[in-house]
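Enquirer: The following block contains the structure, expressed as structure tokens.
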Amino acid sequence: MQLNLGAKIRELRHRDGRTQEAIAEALGVTSQAVSRWESGGSYPDMEIMPSIANYFGVTIDELFGYHNGRERKINEIIKKIDAFEIQTDGNDGWVDECLTILREGLAEFPNNERLMITLAETLWEAGWRRHKEWIYYDSEGFIQYSYDKQRKNEYWSETEKICKRLVDDAKDNTIFTRAIAILVPLYRTFGEYEKAVFYANKMPELCRCREFLLADGTDGKESAKYIGEFLLKSAKEFSEQLVFGLIANIRNFDSDMPIEKVKGAISIFYLICDDGNMGKYHDMLIKLYLYLSRLQWERGYQDDAFVSLYEALKHAKALEKLFDGEKHTLTAPLVSFVKYSTGKPKEIAKYLPDDWPFWCNPSCCEVEREIKADPRWQEWVAKTQE
């Protein structure tokens, strides 16, 4: 074990591009001492082990080669956070517990990149939950963020520090991209557009993204699978950006145009999955139909609004059936090689009334008051609870 310790110090030094002199200076020892550690001629005193581990951003267990226990613990911590499903939970009851779990994890595993990015993503979501004054519309009808208030968001101040550090130092490219995916919208909410653009430009353009290149780099059934995955992921991202594009200018809602655009987004999924089996993408159809119902009611199409609500319910029931812990394969021709896994049984339909209309901008308060006063709303709610 001691002989492996010297090799591990040398491995970590090379990993980080450090010299023996730099390590010696940081630890308050001589470079000759570091050289002897690496060659196995002598070993660090136990008192200095925590400093060595902290310097390299690892635990003492990892320093001695106990990888499995460390990774298992980190996986368990992240699994606990995933179980909260914070991105779909619009409340803030999870915030304190999740942050405590992650901070305790980082105390045990200092500077672990996976825990750091998970903390950053959790803080990012917490900032939205705990600070409700998100946006407003300016005199020209365009969406704006309350920059001064958002800069005081304590969750986001910490998020920025973590993500900037990961962008500069992360060894894992996936974590690097996850950090940028937070920094860009974060700087937007701060009104610091130049920084947002700077970090966005570090990412590849659409035709060089992973999903596109996987499809472009294979053939046969493998290519068919990756093309199907690319089509579905693209449809999801396109649909969300289309909604955000509508929300960006309140004057877009002066006509039926948003209704037609959301219907168009829905039709893209049926173009790809023409047999109606959307797999896990039923979730996106739920969101689109909920929002469509709000738009239809607002424009006076009350009957159509309830048709959309029942469509959302249909997709929720279809998605519930897929949560059986098994692997599934889509069945439409364009995506017949796309496989996906689901978790344990999950209730989805019963939460639809709480999720409605999913995207709340522009303000839906008046629409909500009106549609919930219609007797058909309670009939629909009763169906979601069956």
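Naming works like this for the structure tokens: A, B, ... for the chains as they're shown, residue 1 at the start of each chain, ligands 1 onward in shown order.
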Would you mind listing what lies within 10 Å of stretch 240-243 of chain A as a list of chain:residue names, with only C-alpha atoms counted and same-chain residues fewer than 6 positions away left out?

Expert: A:Ser234, A:Pro258, A:Lys261, A:Val262, A:Gly264, A:Ala265, A:Met284, A:Lys287, A:Leu288, A:Tyr291, A:Trp359, A:Asn361

Enquirer: Could those residues be written to a file, using C-alpha atoms, as a short mmCIF file (atom, residue, chain, number, x, y, z; two decimals), in the first residue's frame?

Expert:
data_model
loop_
_atom_site.label_atom_id
_atom_site.label_comp_id
_atom_site.auth_asym_id
_atom_site.auth_seq_id
_atom_site.Cartn_x
_atom_site.Cartn_y
_atom_site.Cartn_z
CA SER A 234 -33.93 18.01 -31.53
CA PRO A 258 -49.00 31.15 -30.51
CA LYS A 261 -47.03 27.52 -33.34
CA VAL A 262 -47.56 25.20 -30.37
CA GLY A 264 -46.91 22.88 -35.02
CA ALA A 265 -44.44 21.82 -32.34
CA MET A 284 -42.93 16.90 -23.73
CA LYS A 287 -46.21 20.15 -21.35
CA LEU A 288 -47.15 21.38 -24.82
CA TYR A 291 -49.71 25.24 -22.40
CA TRP A 359 -45.12 27.74 -18.79
CA ASN A 361 -45.61 33.50 -18.95
#

Enquirer: Please provide the set of residues having any atom within 10 Å of A:Val95, restricted to only C-alpha atoms, with same-chain residues fewer than 3 positions apart removed, written as a list in words.

Expert: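 The contact residues come out as Phe84, Ile86, Asn91, Asp92, Cys98, Leu99, Thr100, Thr122, Leu123, Glu125, Ala126, Gly127, Arg129 and Arg130 of chain A.
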
Enquirer: Please produce an output containing C-alpha atoms for each residue in the selection, written as a PDB file, in the first residue's frame.

Expert:
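The result, written out as out23.pdb:
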ATOM      1  CA  PHE A  84     -35.832  14.663  -5.505  1.00  0.00           C
ATOM      2  CA  ILE A  86     -35.791  19.030  -8.557  1.00  0.00           C
ATOM      3  CA  ASN A  91     -41.809  23.935  -5.011  1.00  0.00           C
ATOM      4  CA  ASP A  92     -38.788  24.657  -2.825  1.00  0.00           C
ATOM      5  CA  CYS A  98     -30.435  18.735  -1.061  1.00  0.00           C
ATOM      6  CA  LEU A  99     -27.880  21.434  -0.344  1.00  0.00           C
ATOM      7  CA  THR A 100     -27.041  19.860   3.013  1.00  0.00           C
ATOM      8  CA  THR A 122     -28.999  22.398  -7.510  1.00  0.00           C
ATOM      9  CA  LEU A 123     -28.152  25.973  -6.518  1.00  0.00           C
ATOM     10  CA  GLU A 125     -32.678  25.546  -9.500  1.00  0.00           C
ATOM     11  CA  ALA A 126     -32.876  26.721  -5.873  1.00  0.00           C
ATOM     12  CA  GLY A 127     -32.346  30.303  -7.005  1.00  0.00           C
ATOM     13  CA  ARG A 129     -37.547  28.534  -6.442  1.00  0.00           C
ATOM     14  CA  ARG A 130     -36.568  30.910  -3.657  1.00  0.00           C
TER      15      ARG A 130
END

Enquirer: Between A:Leu330, A:Leu290, A:Val338, A:Ala318, which has the minimum distance to A:Ser223 (counting only C-alpha atoms)?

Expert: A:Val338

Enquirer: Let's see if you can do this: from backbone DSSP, list all helix (DSSP H, G or I) residues in stretch 198-259 of chain A, as a VMD selection string.

Expert: chain A and resid 198 to 200 206 to 208 210 to 216 220 to 247 250 to 254 257 to 259

Enquirer: Write to file, as a CSV table (one decimal), in the first residue's frame, the residues of the selection just made, with N, CA and C atoms.

Expert:
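Output contents, as saved in part19.csv:
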chain,number,residue,atom,x,y,z
A,198,PHE,N,-19.6,35.0,-24.4
A,198,PHE,CA,-18.2,34.5,-24.3
A,198,PHE,C,-18.2,33.0,-24.0
A,199,TYR,N,-19.0,32.6,-23.0
A,199,TYR,CA,-19.0,31.2,-22.6
A,199,TYR,C,-19.8,30.4,-23.6
A,200,ALA,N,-20.9,30.9,-24.2
A,200,ALA,CA,-21.6,30.2,-25.2
A,200,ALA,C,-20.7,29.8,-26.4
A,206,LEU,N,-24.3,23.6,-33.7
A,206,LEU,CA,-25.3,22.5,-33.8
A,206,LEU,C,-24.8,21.3,-34.6
A,207,CYS,N,-24.2,21.5,-35.7
A,207,CYS,CA,-23.8,20.4,-36.6
A,207,CYS,C,-22.6,19.7,-36.1
A,208,ARG,N,-22.0,20.2,-35.0
A,208,ARG,CA,-20.9,19.5,-34.4
A,208,ARG,C,-21.2,19.0,-33.0
A,210,ARG,N,-22.7,16.4,-30.1
A,210,ARG,CA,-22.5,14.9,-29.9
A,210,ARG,C,-23.6,14.1,-30.7
A,211,GLU,N,-24.9,14.5,-30.5
A,211,GLU,CA,-25.9,13.7,-31.2
A,211,GLU,C,-25.8,13.7,-32.7
A,212,PHE,N,-25.4,14.8,-33.3
A,212,PHE,CA,-25.3,14.9,-34.7
A,212,PHE,C,-24.1,14.0,-35.2
A,213,LEU,N,-23.0,14.1,-34.5
A,213,LEU,CA,-21.8,13.4,-34.9
A,213,LEU,C,-21.9,11.9,-34.7
A,214,LEU,N,-22.7,11.5,-33.6
A,214,LEU,CA,-22.9,10.0,-33.5
A,214,LEU,C,-23.7,9.5,-34.7
A,215,ALA,N,-24.7,10.2,-35.2
A,215,ALA,CA,-25.4,9.8,-36.4
A,215,ALA,C,-24.5,9.8,-37.6
A,216,ASP,N,-23.6,10.8,-37.6
A,216,ASP,CA,-22.8,11.0,-38.8
A,216,ASP,C,-21.6,10.1,-38.8
A,220,GLY,N,-25.6,1.7,-40.9
A,220,GLY,CA,-26.5,0.5,-40.6
A,220,GLY,C,-27.5,0.8,-39.5
A,221,LYS,N,-27.7,-0.2,-38.7
A,221,LYS,CA,-28.7,0.0,-37.6
A,221,LYS,C,-28.2,1.0,-36.5
A,222,GLU,N,-26.9,1.0,-36.3
A,222,GLU,CA,-26.4,2.0,-35.4
A,222,GLU,C,-26.7,3.4,-35.8
A,223,SER,N,-26.5,3.7,-37.1
A,223,SER,CA,-26.8,5.0,-37.6
A,223,SER,C,-28.3,5.3,-37.5
A,224,ALA,N,-29.1,4.3,-37.8
A,224,ALA,CA,-30.6,4.5,-37.6
A,224,ALA,C,-31.0,4.9,-36.2
A,225,LYS,N,-30.3,4.2,-35.2
A,225,LYS,CA,-30.6,4.5,-33.8
A,225,LYS,C,-30.2,5.9,-33.5
A,226,TYR,N,-29.0,6.3,-33.9
A,226,TYR,CA,-28.5,7.6,-33.5
A,226,TYR,C,-29.3,8.7,-34.2
A,227,ILE,N,-29.7,8.5,-35.5
A,227,ILE,CA,-30.6,9.5,-36.2
A,227,ILE,C,-31.9,9.6,-35.4
A,228,GLY,N,-32.5,8.5,-35.0
A,228,GLY,CA,-33.7,8.6,-34.3
A,228,GLY,C,-33.6,9.4,-33.0
A,229,GLU,N,-32.5,9.1,-32.3
A,229,GLU,CA,-32.3,9.9,-31.0
A,229,GLU,C,-32.1,11.4,-31.3
A,230,PHE,N,-31.3,11.7,-32.4
A,230,PHE,CA,-31.1,13.1,-32.7
A,230,PHE,C,-32.4,13.7,-33.1
A,231,LEU,N,-33.3,13.1,-33.8
A,231,LEU,CA,-34.6,13.7,-34.2
A,231,LEU,C,-35.4,14.0,-33.0
A,232,LEU,N,-35.5,13.1,-32.1
A,232,LEU,CA,-36.3,13.3,-30.9
A,232,LEU,C,-35.8,14.3,-30.0
A,233,LYS,N,-34.5,14.3,-29.7
A,233,LYS,CA,-33.9,15.3,-28.9
A,233,LYS,C,-34.0,16.7,-29.5
A,234,SER,N,-33.8,16.7,-30.8
A,234,SER,CA,-33.9,18.0,-31.5
A,234,SER,C,-35.4,18.5,-31.4
A,235,ALA,N,-36.3,17.6,-31.6
A,235,ALA,CA,-37.7,18.1,-31.5
A,235,ALA,C,-38.0,18.6,-30.1
A,236,LYS,N,-37.5,18.0,-29.1
A,236,LYS,CA,-37.7,18.5,-27.7
A,236,LYS,C,-37.1,19.9,-27.5
A,237,GLU,N,-35.8,20.0,-27.9
A,237,GLU,CA,-35.2,21.3,-27.7
A,237,GLU,C,-35.8,22.4,-28.6
A,238,PHE,N,-36.2,22.0,-29.8
A,238,PHE,CA,-36.8,23.0,-30.7
A,238,PHE,C,-38.2,23.5,-30.1
A,239,SER,N,-38.9,22.5,-29.6
A,239,SER,CA,-40.2,22.9,-29.0
A,239,SER,C,-40.1,23.9,-27.8
A,240,GLU,N,-39.1,23.6,-27.0
A,240,GLU,CA,-38.9,24.5,-25.8
A,240,GLU,C,-38.5,25.9,-26.3
A,241,GLN,N,-37.6,25.9,-27.3
A,241,GLN,CA,-37.1,27.2,-27.7
A,241,GLN,C,-38.2,28.0,-28.5
A,242,LEU,N,-39.1,27.2,-29.1
A,242,LEU,CA,-40.2,27.8,-29.8
A,242,LEU,C,-41.1,28.5,-28.8
A,243,VAL,N,-41.4,27.8,-27.7
A,243,VAL,CA,-42.2,28.4,-26.6
A,243,VAL,C,-41.5,29.7,-26.0
A,244,PHE,N,-40.2,29.5,-25.7
A,244,PHE,CA,-39.5,30.7,-25.2
A,244,PHE,C,-39.5,31.8,-26.2
A,245,GLY,N,-39.4,31.5,-27.5
A,245,GLY,CA,-39.5,32.5,-28.5
A,245,GLY,C,-40.8,33.3,-28.5
A,246,LEU,N,-41.9,32.6,-28.2
A,246,LEU,CA,-43.2,33.2,-28.1
A,246,LEU,C,-43.3,34.1,-26.9
A,247,ILE,N,-42.8,33.5,-25.8
A,247,ILE,CA,-42.8,34.3,-24.5
A,247,ILE,C,-41.9,35.5,-24.5
A,250,ILE,N,-44.4,39.9,-25.5
A,250,ILE,CA,-45.8,39.7,-25.1
A,250,ILE,C,-46.8,40.0,-26.2
A,251,ARG,N,-46.3,40.8,-27.2
A,251,ARG,CA,-47.2,41.2,-28.4
A,251,ARG,C,-47.4,40.0,-29.3
A,252,ASN,N,-46.6,38.9,-29.1
A,252,ASN,CA,-46.9,37.7,-29.9
A,252,ASN,C,-48.3,37.1,-29.5
A,253,PHE,N,-48.8,37.5,-28.3
A,253,PHE,CA,-50.0,36.9,-27.8
A,253,PHE,C,-51.3,37.7,-28.2
A,254,ASP,N,-51.1,38.7,-29.1
A,254,ASP,CA,-52.2,39.5,-29.5
A,254,ASP,C,-53.1,38.8,-30.6
A,257,MET,N,-51.6,33.4,-33.3
A,257,MET,CA,-50.3,32.8,-33.7
A,257,MET,C,-49.7,31.8,-32.7
A,258,PRO,N,-49.6,32.1,-31.4
A,258,PRO,CA,-49.0,31.2,-30.5
A,258,PRO,C,-49.7,29.8,-30.5
A,259,ILE,N,-51.0,29.8,-30.7
A,259,ILE,CA,-51.8,28.5,-30.7
A,259,ILE,C,-51.3,27.7,-31.9

Enquirer: So that I can see what lies close to A:Glu121, please list as an MDAnalysis selection string the residues with an atom at most 9 Å from it, counting only C-alpha atoms and leaving out residues fewer than 2 positions away in the same chain.

Expert: chainID A and resid 116:119 123:126 159 178:179 182

Enquirer: Just write the chosen residues, C-alpha atoms, as an mmCIF file, in the first residue's frame.

Expert:
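To be explicit, this is the file written out as selection31.cif:
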data_model
loop_
_atom_site.group_PDB
_atom_site.id
_atom_site.type_symbol
_atom_site.label_atom_id
_atom_site.label_comp_id
_atom_site.auth_asym_id
_atom_site.auth_seq_id
_atom_site.Cartn_x
_atom_site.Cartn_y
_atom_site.Cartn_z
ATOM 1 C CA MET A 116 -19.436 20.304 -7.511
ATOM 2 C CA ILE A 117 -21.445 20.382 -10.738
ATOM 3 C CA THR A 118 -24.392 18.721 -9.001
ATOM 4 C CA LEU A 119 -24.225 21.391 -6.302
ATOM 5 C CA LEU A 123 -28.152 25.973 -6.518
ATOM 6 C CA TRP A 124 -29.268 27.177 -9.953
ATOM 7 C CA GLU A 125 -32.678 25.546 -9.500
ATOM 8 C CA ALA A 126 -32.876 26.721 -5.873
ATOM 9 C CA THR A 159 -23.378 28.969 -8.599
ATOM 10 C CA ARG A 178 -22.654 21.277 -17.875
ATOM 11 C CA ALA A 179 -20.955 24.216 -16.168
ATOM 12 C CA ILE A 182 -25.477 27.057 -16.350
#

Enquirer: As an exercise, work out the distance from atom CA of A:Phe142 to atom CA of A:Asn201 in Å and give it to one decimal place.

Expert: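 Here the two named atoms are 24.3 Å from each other.
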
Enquirer: Ranking A:Cys273, A:Ala120, A:Ala196, A:Ala316 by minimum distance to A:Leu285 and counting only C-alpha atoms, which one comes first?

Expert: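 Using only C-alpha atoms, A:Leu285 sits closest to A:Ala316.
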
Enquirer: Which one is closest to A:Gly41: A:Leu5, A:Ala181, A:Cys360, A:Arg114? Count only C-alpha atoms.

Expert: A:Leu5

Enquirer: Considering only C-alpha atoms, return as a count of residues only whatever protein or nucleic-acid residues lie within 12 Å of A:Asp304, sequence-local ones (same chain, fewer than 6 positions apart) excluded.

Expert: 13

Enquirer: Extract, using only C-alpha atoms, all DNA, RNA and protein residues at most 10 Å from A:Glu113, discarding same-chain residues fewer than 5 positions from it, and format them as a count of residues only.

Expert: 13
